[in-house]
$ cat protein_33.cif   # mmCIF, C-alpha atoms
data_query
loop_
_atom_site.label_atom_id
_atom_site.label_comp_id
_atom_site.auth_asym_id
_atom_site.auth_seq_id
_atom_site.Cartn_x
_atom_site.Cartn_y
_atom_site.Cartn_z
CA MET A 1 21.33 37.55 389.37
CA THR A 2 24.56 36.00 388.10
CA PRO A 3 24.18 32.28 387.49
CA SER A 4 26.49 29.80 389.17
CA VAL A 5 29.23 28.02 387.25
CA GLY A 6 27.25 24.81 387.63
CA THR A 7 24.24 26.38 385.97
CA LEU A 8 26.39 27.93 383.26
CA LEU A 9 27.80 24.53 382.38
CA SER A 10 24.54 22.61 382.43
CA ALA A 11 24.49 19.51 380.26
CA ALA A 12 22.72 19.31 376.95
CA THR A 13 21.53 15.98 378.27
CA ALA A 14 21.17 16.55 381.99
CA GLU A 15 17.84 14.74 381.97
CA SER A 16 19.47 11.57 380.61
CA SER A 17 22.81 11.65 382.45
CA ALA A 18 21.71 9.46 385.31
CA GLU A 19 19.96 7.00 383.02
CA HIS A 20 23.00 6.42 380.81
CA GLY A 21 25.75 6.94 383.39
CA ARG A 22 27.01 10.08 381.68
CA PRO A 23 28.58 13.00 383.55
CA SER A 24 26.21 15.64 384.89
CA TYR A 25 27.49 19.11 383.99
CA GLY A 26 25.13 21.20 386.06
CA ASN A 27 21.83 21.61 387.79
CA ARG A 28 19.34 22.88 385.26
CA VAL A 29 18.75 23.53 381.61
CA ALA A 30 16.32 26.38 381.02
CA GLU A 31 14.52 25.82 377.74
CA ALA A 32 12.14 27.82 375.60
CA SER A 33 10.67 26.40 372.43
CA TYR A 34 9.01 27.67 369.30
CA ASP A 35 7.60 25.93 366.27
CA ARG A 36 8.87 26.53 362.72
CA ARG A 37 7.84 24.20 359.88
CA SER A 38 6.67 21.67 362.51
CA VAL A 39 10.16 21.44 364.04
CA SER A 40 10.84 22.21 367.69
CA ILE A 41 14.06 23.98 368.59
CA PHE A 42 15.05 24.47 372.22
CA SER A 43 17.33 27.17 373.58
CA PRO A 44 18.68 27.46 377.14
CA ALA A 45 19.07 30.65 379.08
CA TYR A 46 22.57 29.62 380.10
CA ALA A 47 24.97 26.81 379.14
CA TRP A 48 25.19 25.01 375.87
CA GLN A 49 22.17 24.32 373.73
CA ALA A 50 19.85 21.46 374.50
CA ASN A 51 18.33 21.85 371.05
CA ASN A 52 16.54 19.21 369.04
CA CYS A 53 17.30 18.57 365.37
CA ILE A 54 15.99 20.56 362.43
CA THR A 55 14.51 18.34 359.74
CA GLN A 56 15.86 19.61 356.42
CA ASN A 57 13.88 19.29 353.19
CA VAL A 58 16.23 17.57 350.72
CA GLU A 59 15.39 16.26 347.25
CA PRO A 60 14.59 12.53 347.63
CA PHE A 61 16.92 11.49 344.81
CA LEU A 62 19.88 12.86 346.79
CA VAL A 63 19.47 10.70 349.90
CA GLY A 64 16.18 8.83 349.80
CA THR A 65 15.46 9.62 353.45
CA THR A 66 14.99 12.54 355.84
CA VAL A 67 17.91 14.67 356.97
CA ASP A 68 18.20 15.97 360.53
CA LEU A 69 20.57 18.86 361.24
CA LYS A 70 22.01 19.08 364.77
CA MET A 71 22.75 22.79 364.93
CA GLU A 72 25.80 23.00 367.16
CA ASN A 73 26.59 26.40 365.63
CA SER A 74 23.90 27.78 367.95
CA GLN A 75 25.99 27.13 371.06
CA PRO A 76 27.00 30.19 373.13
CA SER A 77 30.61 29.86 371.95
CA GLY A 78 29.54 29.03 368.38
CA SER A 79 30.33 25.32 368.16
CA PHE A 80 30.12 21.84 369.69
CA LYS A 81 33.52 22.44 371.33
CA ILE A 82 31.90 23.94 374.40
CA ARG A 83 30.58 20.49 375.34
CA GLY A 84 33.94 18.80 375.79
CA ILE A 85 35.94 21.84 376.85
CA GLY A 86 33.30 22.84 379.39
CA HIS A 87 33.43 19.37 380.93
CA LEU A 88 37.24 19.26 380.92
CA CYS A 89 37.61 22.70 382.51
CA GLN A 90 35.14 21.77 385.22
CA GLN A 91 37.29 18.78 386.06
CA LEU A 92 40.80 20.23 385.71
CA ALA A 93 40.78 24.02 385.93
CA ARG A 94 38.69 24.99 388.96
CA GLN A 95 41.73 26.06 391.00
CA SER A 96 43.94 26.91 388.05
CA LYS A 97 46.03 30.07 387.76
CA GLY A 98 44.93 30.17 384.12
CA VAL A 99 44.18 28.02 381.09
CA VAL A 100 46.01 27.90 377.77
CA CYS A 101 44.98 26.26 374.53
CA SER A 102 45.74 26.35 370.82
CA SER A 103 42.97 27.04 368.37
CA GLY A 104 42.12 27.94 364.82
CA GLY A 105 38.88 29.35 366.19
CA ASN A 106 36.26 27.17 367.84
CA THR A 107 38.42 25.59 370.56
CA GLY A 108 39.66 28.99 371.62
CA MET A 109 36.13 30.43 371.58
CA ALA A 110 34.91 27.67 373.88
CA ALA A 111 37.90 27.90 376.23
CA ALA A 112 37.63 31.69 376.44
CA TYR A 113 33.89 31.55 377.10
CA ILE A 114 34.18 28.87 379.80
CA ALA A 115 37.19 30.52 381.43
CA ARG A 116 35.38 33.85 381.65
CA LYS A 117 32.35 32.22 383.23
CA MET A 118 34.58 30.40 385.72
CA GLY A 119 36.61 33.52 386.49
CA VAL A 120 39.85 31.95 385.23
CA PRO A 121 42.33 33.79 382.95
CA ALA A 122 42.63 32.35 379.43
CA THR A 123 45.53 32.50 376.97
CA ILE A 124 44.59 31.41 373.46
CA VAL A 125 47.32 30.67 370.93
CA VAL A 126 46.17 30.86 367.31
CA PRO A 127 47.96 30.38 363.98
CA SER A 128 48.37 33.29 361.60
CA SER A 129 45.74 31.73 359.30
CA SER A 130 43.00 32.57 361.83
CA PRO A 131 40.56 35.28 360.65
CA GLN A 132 40.73 38.65 362.37
CA LEU A 133 37.09 38.09 363.33
CA VAL A 134 38.23 35.18 365.51
CA VAL A 135 41.03 37.13 367.16
CA GLN A 136 38.73 40.05 367.96
CA THR A 137 36.01 37.81 369.36
CA LEU A 138 38.50 36.03 371.60
CA GLN A 139 39.73 39.35 372.91
CA ASP A 140 36.14 40.46 373.48
CA GLN A 141 35.76 37.40 375.71
CA GLY A 142 38.63 38.71 377.82
CA ALA A 143 41.24 36.22 376.59
CA THR A 144 44.88 37.00 375.91
CA VAL A 145 45.51 36.09 372.26
CA LYS A 146 48.95 35.08 371.00
CA ILE A 147 49.54 34.51 367.26
CA THR A 148 52.16 31.86 366.53
CA GLY A 149 53.05 29.94 363.36
CA ARG A 150 51.03 29.22 360.24
CA VAL A 151 48.94 26.19 361.24
CA TRP A 152 47.44 24.65 364.36
CA ASP A 153 50.44 22.41 365.07
CA ASP A 154 52.66 25.47 365.43
CA ALA A 155 50.20 27.14 367.80
CA ASN A 156 49.84 23.95 369.81
CA ALA A 157 53.60 23.70 370.36
CA GLU A 158 53.57 27.21 371.80
CA ALA A 159 50.61 26.41 374.06
CA LEU A 160 52.48 23.40 375.44
CA ARG A 161 55.51 25.61 376.09
CA LEU A 162 53.38 28.09 378.03
CA GLN A 163 51.97 25.22 380.07
CA GLU A 164 55.49 24.39 381.23
CA THR A 165 56.93 27.88 381.64
CA GLU A 166 53.86 29.68 383.05
CA GLY A 167 52.28 26.85 385.01
CA LEU A 168 48.98 27.12 383.12
CA THR A 169 46.42 24.36 382.71
CA TYR A 170 46.63 23.07 379.16
CA VAL A 171 43.30 22.61 377.40
CA PRO A 172 43.83 20.10 374.56
CA PRO A 173 41.73 20.89 371.51
CA LEU A 174 40.85 17.33 370.55
CA ASP A 175 42.89 14.52 372.14
CA HIS A 176 41.63 13.88 375.69
CA PRO A 177 39.07 11.43 377.17
CA LEU A 178 37.30 14.23 379.08
CA LEU A 179 36.73 16.09 375.81
CA TRP A 180 35.25 12.99 374.17
CA GLN A 181 33.08 12.40 377.22
CA GLY A 182 31.69 15.91 376.91
CA HIS A 183 31.26 15.76 373.14
CA ALA A 184 29.33 12.49 373.53
CA SER A 185 26.45 14.51 374.95
CA VAL A 186 25.52 15.60 371.42
CA ILE A 187 24.46 12.02 370.64
CA ALA A 188 22.73 11.68 373.99
CA ARG A 189 20.68 14.75 373.15
CA VAL A 190 19.81 13.35 369.73
CA ALA A 191 18.65 10.12 371.38
CA THR A 192 16.41 12.12 373.70
CA SER A 193 15.10 14.16 370.77
CA LEU A 194 14.32 11.17 368.54
CA GLY A 195 12.65 9.20 371.30
CA PRO A 196 12.62 5.50 372.23
CA GLY A 197 13.15 2.99 369.44
CA VAL A 198 14.34 5.54 366.88
CA LYS A 199 17.95 6.00 365.80
CA PRO A 200 19.78 7.64 362.88
CA GLY A 201 20.51 5.73 359.71
CA ALA A 202 23.98 7.30 359.71
CA VAL A 203 25.84 10.17 361.37
CA LEU A 204 27.67 12.66 359.13
CA VAL A 205 30.50 14.61 360.72
CA SER A 206 33.13 17.04 359.52
CA MET A 207 36.55 15.66 360.31
CA GLY A 208 39.52 17.67 361.52
CA GLY A 209 41.80 16.31 364.22
CA GLY A 210 39.27 13.72 365.37
CA GLY A 211 37.84 15.12 368.62
CA LEU A 212 34.25 15.24 367.42
CA LEU A 213 34.52 11.78 365.87
CA CYS A 214 35.77 10.33 369.16
CA GLY A 215 32.90 11.98 371.02
CA VAL A 216 30.35 10.70 368.51
CA VAL A 217 31.72 7.16 368.82
CA ARG A 218 31.49 7.34 372.59
CA GLY A 219 27.96 8.73 372.36
CA LEU A 220 26.88 5.96 369.99
CA LYS A 221 28.34 3.36 372.35
CA ASP A 222 26.50 4.89 375.32
CA ALA A 223 23.23 4.90 373.36
CA GLY A 224 23.68 1.31 372.16
CA TRP A 225 23.94 2.52 368.57
CA THR A 226 27.31 1.06 367.53
CA ASP A 227 25.63 -0.33 364.40
CA VAL A 228 24.97 3.23 363.14
CA PRO A 229 27.56 4.11 360.44
CA ILE A 230 29.60 7.29 360.69
CA VAL A 231 30.59 9.17 357.54
CA ALA A 232 33.66 11.29 358.32
CA MET A 233 34.02 14.10 355.77
CA GLU A 234 37.22 16.04 355.13
CA THR A 235 38.26 18.66 352.63
CA ALA A 236 41.13 18.01 350.25
CA GLY A 237 44.16 19.74 351.71
CA ALA A 238 43.13 18.96 355.31
CA ASP A 239 42.71 15.21 354.97
CA CYS A 240 44.93 13.72 357.68
CA PHE A 241 42.31 11.12 358.67
CA ASN A 242 41.66 9.94 355.12
CA ALA A 243 45.41 9.71 354.52
CA ALA A 244 45.83 7.62 357.68
CA VAL A 245 42.95 5.30 356.76
CA LYS A 246 44.45 4.69 353.31
CA ALA A 247 47.97 4.19 354.66
CA GLY A 248 46.95 2.00 357.59
CA ARG A 249 48.97 4.18 359.97
CA LEU A 250 49.04 7.72 361.31
CA VAL A 251 50.13 10.21 358.65
CA THR A 252 51.38 13.76 359.13
CA LEU A 253 50.52 16.13 356.27
CA ASP A 254 53.22 18.43 354.93
CA ASP A 255 50.90 21.44 355.03
CA ILE A 256 47.27 22.51 355.29
CA THR A 257 46.05 23.92 351.97
CA SER A 258 42.29 23.73 352.47
CA GLU A 259 40.19 26.88 352.89
CA ALA A 260 38.44 25.06 355.77
CA LYS A 261 41.03 26.24 358.29
CA CYS A 262 39.21 24.81 361.30
CA LEU A 263 39.79 21.33 359.87
CA GLY A 264 43.49 22.07 359.69
CA ALA A 265 45.25 19.42 361.79
CA LYS A 266 48.29 17.82 360.20
CA THR A 267 47.85 14.56 362.14
CA VAL A 268 44.61 12.95 363.33
CA CYS A 269 44.48 11.90 366.98
CA LYS A 270 45.47 8.32 367.70
CA LYS A 271 42.10 7.31 369.20
CA ALA A 272 40.21 8.40 366.06
CA PHE A 273 42.54 6.33 363.91
CA GLU A 274 42.07 3.33 366.23
CA TYR A 275 38.30 3.67 365.92
CA SER A 276 38.63 3.58 362.12
CA ARG A 277 40.15 0.11 362.43
CA CYS A 278 37.65 -1.21 364.98
CA SER A 279 35.57 -4.10 363.61
CA GLU A 280 32.61 -3.15 365.83
CA LEU A 281 32.23 0.23 364.12
CA THR A 282 31.53 1.39 360.58
CA ILE A 283 33.45 4.60 359.86
CA ILE A 284 33.55 5.73 356.24
CA SER A 285 36.19 8.31 355.31
CA GLU A 286 35.38 10.59 352.35
CA LEU A 287 36.75 13.80 350.86
CA VAL A 288 35.17 16.99 349.56
CA THR A 289 37.19 17.94 346.50
CA GLU A 290 35.11 20.81 345.10
CA LEU A 291 35.28 23.69 347.54
CA CYS A 292 33.07 25.78 345.25
CA LEU A 293 30.31 23.24 345.96
CA ASN A 294 31.18 23.50 349.63
CA VAL A 295 30.49 27.24 349.51
CA ARG A 296 27.27 26.60 347.61
CA PHE A 297 26.01 24.46 350.50
CA HIS A 298 26.75 27.31 352.90
CA PHE A 299 24.61 29.72 350.90
CA LEU A 300 21.90 27.05 350.67
CA LEU A 301 21.88 26.63 354.46
CA ALA A 302 21.91 30.40 354.91
CA GLY A 303 18.80 30.60 352.73
CA GLU A 304 16.96 27.58 354.10
CA GLU A 305 17.70 28.01 357.81
CA ARG A 306 18.93 31.63 357.94
CA VAL A 307 22.18 30.65 359.64
CA LEU A 308 25.84 30.96 358.68
CA VAL A 309 28.28 28.14 359.30
CA GLU A 310 31.99 27.72 358.71
CA MET A 311 33.65 25.98 355.80
CA ALA A 312 34.29 23.04 358.12
CA CYS A 313 30.54 22.41 358.35
CA GLY A 314 30.27 22.32 354.59
CA ALA A 315 32.25 19.09 354.52
CA ALA A 316 29.46 17.21 356.32
CA LEU A 317 26.73 19.01 354.39
CA ALA A 318 28.42 17.97 351.14
CA ALA A 319 27.70 14.32 351.94
CA VAL A 320 24.01 15.15 351.58
CA TYR A 321 23.78 17.78 348.85
CA SER A 322 26.41 16.33 346.51
CA GLY A 323 24.67 12.97 346.39
CA LEU A 324 27.49 11.20 348.21
CA ALA A 325 25.14 9.46 350.63
CA ARG A 326 23.20 8.00 347.69
CA ARG A 327 26.46 6.84 346.07
CA LEU A 328 27.50 5.10 349.29
CA GLN A 329 24.15 3.30 349.27
CA ASP A 330 24.63 2.22 345.66
CA GLU A 331 28.08 0.89 346.55
CA GLY A 332 26.68 -1.06 349.50
CA ARG A 333 28.66 0.95 352.05
CA LEU A 334 25.46 2.38 353.54
CA PRO A 335 22.21 0.41 353.90
CA ALA A 336 19.80 0.61 350.95
CA LEU A 337 16.91 1.27 353.35
CA LEU A 338 18.42 4.09 355.34
CA GLY A 339 16.96 5.77 358.41
CA PRO A 340 17.21 9.53 358.91
CA LEU A 341 20.64 11.02 358.23
CA LEU A 342 21.99 12.96 361.18
CA VAL A 343 24.29 15.83 360.15
CA ILE A 344 26.19 17.45 362.99
CA VAL A 345 26.53 21.10 361.98
CA CYS A 346 29.64 21.59 364.05
CA GLY A 347 30.12 25.35 364.27
CA GLY A 348 29.85 28.86 362.92
CA SER A 349 31.87 31.20 365.11
CA SER A 350 34.47 32.10 362.49
CA ILE A 351 32.27 33.27 359.61
CA ASP A 352 30.18 36.23 358.54
CA MET A 353 28.36 37.00 355.30
CA GLU A 354 31.09 39.30 354.00
CA GLN A 355 33.74 36.62 354.56
CA LEU A 356 31.60 33.94 352.92
CA THR A 357 30.95 36.12 349.86
CA LEU A 358 34.66 36.90 349.48
CA LEU A 359 35.44 33.20 349.69
CA LYS A 360 32.87 32.44 347.03
CA HIS A 361 34.45 34.94 344.65
CA LYS A 362 37.94 33.59 345.43
CA LEU A 363 36.98 30.00 344.65
CA GLN A 364 35.12 30.95 341.47
CA ALA A 365 38.00 33.06 340.14
#

$ encode --input "protein_33.cif" --output "structure tokens"
Amino acid sequence: MTPSVGTLLSAATAESSAEHGRPSYGNRVAEASYDRRSVSIFSPAYAWQANNCITQNVEPFLVGTTVDLKMENSQPSGSFKIRGIGHLCQQLARQSKGVVCSSGGNTGMAAAYIARKMGVPATIVVPSSSPQLVVQTLQDQGATVKITGRVWDDANAEALRLQETEGLTYVPPLDHPLLWQGHASVIARVATSLGPGVKPGAVLVSMGGGGLLCGVVRGLKDAGWTDVPIVAMETAGADCFNAAVKAGRLVTLDDITSEAKCLGAKTVCKKAFEYSRCSELTIISELVTELCLNVRFHFLLAGEERVLVEMACGAALAAVYSGLARRLQDEGRLPALLGPLLVIVCGGSSIDMEQLTLLKHKLQA
């Protein structure tokens, strides 16, 4: 039997929506669990994952605490993006003649997946830097794919044009309150997983245009965890947030030169920048400068957890495996006695082992 749209878009935190006043995205989350290394992982039959965290074994001298990985790469569309985009499409695109969005990968994957489940046509505009794997997967989801420009900003301009000329519903990739509301469910799920009275010592996120950061901030506020620091990690060459934090104003990069293409926004969204200047929050902006190390973390995760994730995820992982978290403690920017580090493993839809191996050889050349 074909599931209803409501079931397909069930919340990762449906059980806690009423308690915390969060939006309910559906009726039911079907879960099955198994035990591996004393860690429970939950997978739904439909909708996005309501999975708990994987506790990663990390050398104590690197962080001095446990590390929990929130595996958003296991979502049906391959990333956390399905949370916010699913919620937004439910609110704005039910009667739409079609949706259009710009994407370097994960946004388009989520929009195409949700649109197909809702029976709505999807047009996905991607930059020429997008891997062929992404284009093919989008087409397999039934989406019309249009390749425009070199970076996301170029693709986004075309998506906005199609909104006006074709009368399509525009799905913003990162800068919309409904997206942040949906993305906040990742923290709600973590709160449910950790249980009463337990919270992360810090949240580590990969930073692109700022959509995930805005959702994490909202989720922390909903959970009453605004004292939990956020470490926002970017790669050199895709560091629009770090540039804005240093300049004290929004900055537009000349170009995206990082291999982490899914972090390739030239300008961070305004709300993310505003959060960086909020006295009630602790948001630490850091860069990954050694992409060869970034690739090393991907192979490490592939070996430890048998999963592949994109270069974008390596930025957050680098905060753990490079010893950055320990350095931030030594500098007094993170507490000396730190609770478990929560790493949001944001996605893995645009990677395969062949691509990762080629990238490794390229960076080591």

$ residues_around --input "protein_33.cif" --residues "range 145-161 of chain A" --least-positions-apart "3" --cutoff "8 Å" --atoms "all atoms listed in the file" --output "PDB file with C-alpha atoms, in the frame of the given file"
ATOM      1  CA  VAL A 100      46.010  27.900 377.770  1.00  0.00           C
ATOM      2  CA  CYS A 101      44.980  26.260 374.530  1.00  0.00           C
ATOM      3  CA  SER A 102      45.740  26.350 370.820  1.00  0.00           C
ATOM      4  CA  SER A 103      42.970  27.040 368.370  1.00  0.00           C
ATOM      5  CA  GLY A 104      42.120  27.940 364.820  1.00  0.00           C
ATOM      6  CA  THR A 123      45.530  32.500 376.970  1.00  0.00           C
ATOM      7  CA  ILE A 124      44.590  31.410 373.460  1.00  0.00           C
ATOM      8  CA  VAL A 125      47.320  30.670 370.930  1.00  0.00           C
ATOM      9  CA  VAL A 126      46.170  30.860 367.310  1.00  0.00           C
ATOM     10  CA  PRO A 127      47.960  30.380 363.980  1.00  0.00           C
ATOM     11  CA  SER A 128      48.370  33.290 361.600  1.00  0.00           C
ATOM     12  CA  SER A 129      45.740  31.730 359.300  1.00  0.00           C
ATOM     13  CA  VAL A 135      41.030  37.130 367.160  1.00  0.00           C
ATOM     14  CA  LEU A 138      38.500  36.030 371.600  1.00  0.00           C
ATOM     15  CA  GLN A 139      39.730  39.350 372.910  1.00  0.00           C
ATOM     16  CA  GLU A 164      55.490  24.390 381.230  1.00  0.00           C
ATOM     17  CA  THR A 165      56.930  27.880 381.640  1.00  0.00           C
ATOM     18  CA  TYR A 170      46.630  23.070 379.160  1.00  0.00           C
ATOM     19  CA  ILE A 256      47.270  22.510 355.290  1.00  0.00           C
ATOM     20  CA  GLY A 264      43.490  22.070 359.690  1.00  0.00           C
ATOM     21  CA  ALA A 265      45.250  19.420 361.790  1.00  0.00           C
ATOM     22  CA  LYS A 266      48.290  17.820 360.200  1.00  0.00           C
TER      23      LYS A 266
END

$ atom_distance --input "protein_33.cif" --atom1 "CA of Glu234 in chain A" --atom2 "CA of Trp180 in chain A"
19.4 Å

$ closest_residue --input "protein_33.cif" --among "A:Ala122, A:Ala110, A:Ala319, A:Ala272" --to "Ser77 in chain A" --atoms "only C-alpha atoms"
A:Ala110

$ resolve_selection --input "protein_33.cif" --expression "the PyMOL selection byres ((chain A and resi 79-93) around 6)" --output "compact mmCIF listing (two decimals) with C-alpha atoms, keeping the file's coordinate frame"
# COMPACT_ATOMS: atom_id res chain seq x y z
CA GLU A 72 25.80 23.00 367.16
CA ASN A 73 26.59 26.40 365.63
CA GLN A 75 25.99 27.13 371.06
CA SER A 77 30.61 29.86 371.95
CA GLY A 78 29.54 29.03 368.38
CA ARG A 94 38.69 24.99 388.96
CA GLN A 95 41.73 26.06 391.00
CA SER A 96 43.94 26.91 388.05
CA THR A 107 38.42 25.59 370.56
CA ALA A 110 34.91 27.67 373.88
CA LEU A 178 37.30 14.23 379.08
CA LEU A 179 36.73 16.09 375.81
CA GLY A 182 31.69 15.91 376.91
CA HIS A 183 31.26 15.76 373.14
CA CYS A 346 29.64 21.59 364.05
CA GLY A 347 30.12 25.35 364.27

$ atom_distance --input "protein_33.cif" --atom1 "CA of Val216 in chain A" --atom2 "CA of Ala184 in chain A"
5.4 Å

$ closest_residue --input "protein_33.cif" --among "A:Leu287, A:Val343, A:Leu334, A:Val99" --to "Glu166 in chain A" --atoms "all atoms listed in the file"
A:Val99

$ atom_distance --input "protein_33.cif" --atom1 "CA of Met71 in chain A" --atom2 "CA of Val345 in chain A"
5.1 Å

$ residues_around --input "protein_33.cif" --residues "Gly201 in chain A" --least-positions-apart "4" --cutoff "10 Å" --atoms "all atoms listed in the file" --output "list in words"
Thr65, Thr66, Val67, Asp227, Val228, Pro229, Ile230, Leu334, Pro335, Leu337, Leu338, Gly339, Pro340, Leu341 and Leu342 of chain A

$ decode --input "protein_33.cif" --residues "range 64-72 of chain A" --atoms "all heavy atoms" --output "PDB file, in the first residue's frame"
ATOM      1  N   GLY A  64      39.158  14.372  24.965  1.00  0.00           N
ATOM      2  CA  GLY A  64      38.950  14.242  26.393  1.00  0.00           C
ATOM      3  C   GLY A  64      37.520  13.969  26.788  1.00  0.00           C
ATOM      4  O   GLY A  64      37.137  14.148  27.950  1.00  0.00           O
ATOM      5  N   THR A  65      36.692  13.549  25.850  1.00  0.00           N
ATOM      6  CA  THR A  65      35.293  13.236  26.143  1.00  0.00           C
ATOM      7  C   THR A  65      34.776  12.304  25.053  1.00  0.00           C
ATOM      8  O   THR A  65      35.488  11.981  24.096  1.00  0.00           O
ATOM      9  CB  THR A  65      34.442  14.523  26.204  1.00  0.00           C
ATOM     10  OG1 THR A  65      33.114  14.196  26.635  1.00  0.00           O
ATOM     11  CG2 THR A  65      34.372  15.210  24.847  1.00  0.00           C
ATOM     12  N   THR A  66      33.535  11.869  25.188  1.00  0.00           N
ATOM     13  CA  THR A  66      32.939  11.012  24.163  1.00  0.00           C
ATOM     14  C   THR A  66      32.489  11.856  22.972  1.00  0.00           C
ATOM     15  O   THR A  66      32.280  13.064  23.080  1.00  0.00           O
ATOM     16  CB  THR A  66      31.737  10.239  24.721  1.00  0.00           C
ATOM     17  OG1 THR A  66      30.756  11.179  25.206  1.00  0.00           O
ATOM     18  CG2 THR A  66      32.150   9.322  25.847  1.00  0.00           C
ATOM     19  N   VAL A  67      32.353  11.201  21.838  1.00  0.00           N
ATOM     20  CA  VAL A  67      31.921  11.863  20.612  1.00  0.00           C
ATOM     21  C   VAL A  67      30.705  11.120  20.073  1.00  0.00           C
ATOM     22  O   VAL A  67      30.757   9.912  19.833  1.00  0.00           O
ATOM     23  CB  VAL A  67      33.041  11.879  19.560  1.00  0.00           C
ATOM     24  CG1 VAL A  67      32.532  12.477  18.250  1.00  0.00           C
ATOM     25  CG2 VAL A  67      34.244  12.659  20.068  1.00  0.00           C
ATOM     26  N   ASP A  68      29.613  11.850  19.883  1.00  0.00           N
ATOM     27  CA  ASP A  68      28.392  11.277  19.325  1.00  0.00           C
ATOM     28  C   ASP A  68      28.198  11.784  17.903  1.00  0.00           C
ATOM     29  O   ASP A  68      28.232  12.999  17.658  1.00  0.00           O
ATOM     30  CB  ASP A  68      27.173  11.660  20.167  1.00  0.00           C
ATOM     31  CG  ASP A  68      27.191  11.023  21.543  1.00  0.00           C
ATOM     32  OD1 ASP A  68      27.782   9.935  21.680  1.00  0.00           O
ATOM     33  OD2 ASP A  68      26.610  11.605  22.477  1.00  0.00           O
ATOM     34  N   LEU A  69      28.016  10.866  16.964  1.00  0.00           N
ATOM     35  CA  LEU A  69      27.796  11.218  15.566  1.00  0.00           C
ATOM     36  C   LEU A  69      26.311  11.127  15.241  1.00  0.00           C
ATOM     37  O   LEU A  69      25.707  10.061  15.390  1.00  0.00           O
ATOM     38  CB  LEU A  69      28.571  10.283  14.638  1.00  0.00           C
ATOM     39  CG  LEU A  69      30.080  10.146  14.878  1.00  0.00           C
ATOM     40  CD1 LEU A  69      30.681   9.192  13.850  1.00  0.00           C
ATOM     41  CD2 LEU A  69      30.769  11.491  14.828  1.00  0.00           C
ATOM     42  N   LYS A  70      25.711  12.214  14.823  1.00  0.00           N
ATOM     43  CA  LYS A  70      24.321  12.214  14.354  1.00  0.00           C
ATOM     44  C   LYS A  70      24.352  12.016  12.853  1.00  0.00           C
ATOM     45  O   LYS A  70      24.682  12.911  12.092  1.00  0.00           O
ATOM     46  CB  LYS A  70      23.628  13.532  14.721  1.00  0.00           C
ATOM     47  CG  LYS A  70      22.126  13.531  14.402  1.00  0.00           C
ATOM     48  CD  LYS A  70      21.405  12.500  15.254  1.00  0.00           C
ATOM     49  CE  LYS A  70      19.903  12.541  14.996  1.00  0.00           C
ATOM     50  NZ  LYS A  70      19.557  12.058  13.645  1.00  0.00           N
ATOM     51  N   MET A  71      23.989  10.798  12.423  1.00  0.00           N
ATOM     52  CA  MET A  71      24.239  10.363  11.052  1.00  0.00           C
ATOM     53  C   MET A  71      23.119  10.801  10.104  1.00  0.00           C
ATOM     54  O   MET A  71      22.278  10.007   9.671  1.00  0.00           O
ATOM     55  CB  MET A  71      24.427   8.849  11.021  1.00  0.00           C
ATOM     56  CG  MET A  71      25.529   8.344  11.950  1.00  0.00           C
ATOM     57  SD  MET A  71      27.160   8.988  11.539  1.00  0.00           S
ATOM     58  CE  MET A  71      27.523   8.035  10.072  1.00  0.00           C
ATOM     59  N   GLU A  72      23.127  12.063   9.747  1.00  0.00           N
ATOM     60  CA  GLU A  72      22.107  12.576   8.840  1.00  0.00           C
ATOM     61  C   GLU A  72      22.325  12.115   7.400  1.00  0.00           C
ATOM     62  O   GLU A  72      21.455  12.280   6.552  1.00  0.00           O
ATOM     63  CB  GLU A  72      22.071  14.097   8.914  1.00  0.00           C
ATOM     64  CG  GLU A  72      21.493  14.618  10.216  1.00  0.00           C
ATOM     65  CD  GLU A  72      20.042  14.234  10.402  1.00  0.00           C
ATOM     66  OE1 GLU A  72      19.191  14.746   9.662  1.00  0.00           O
ATOM     67  OE2 GLU A  72      19.761  13.401  11.294  1.00  0.00           O
TER      68      GLU A  72
END
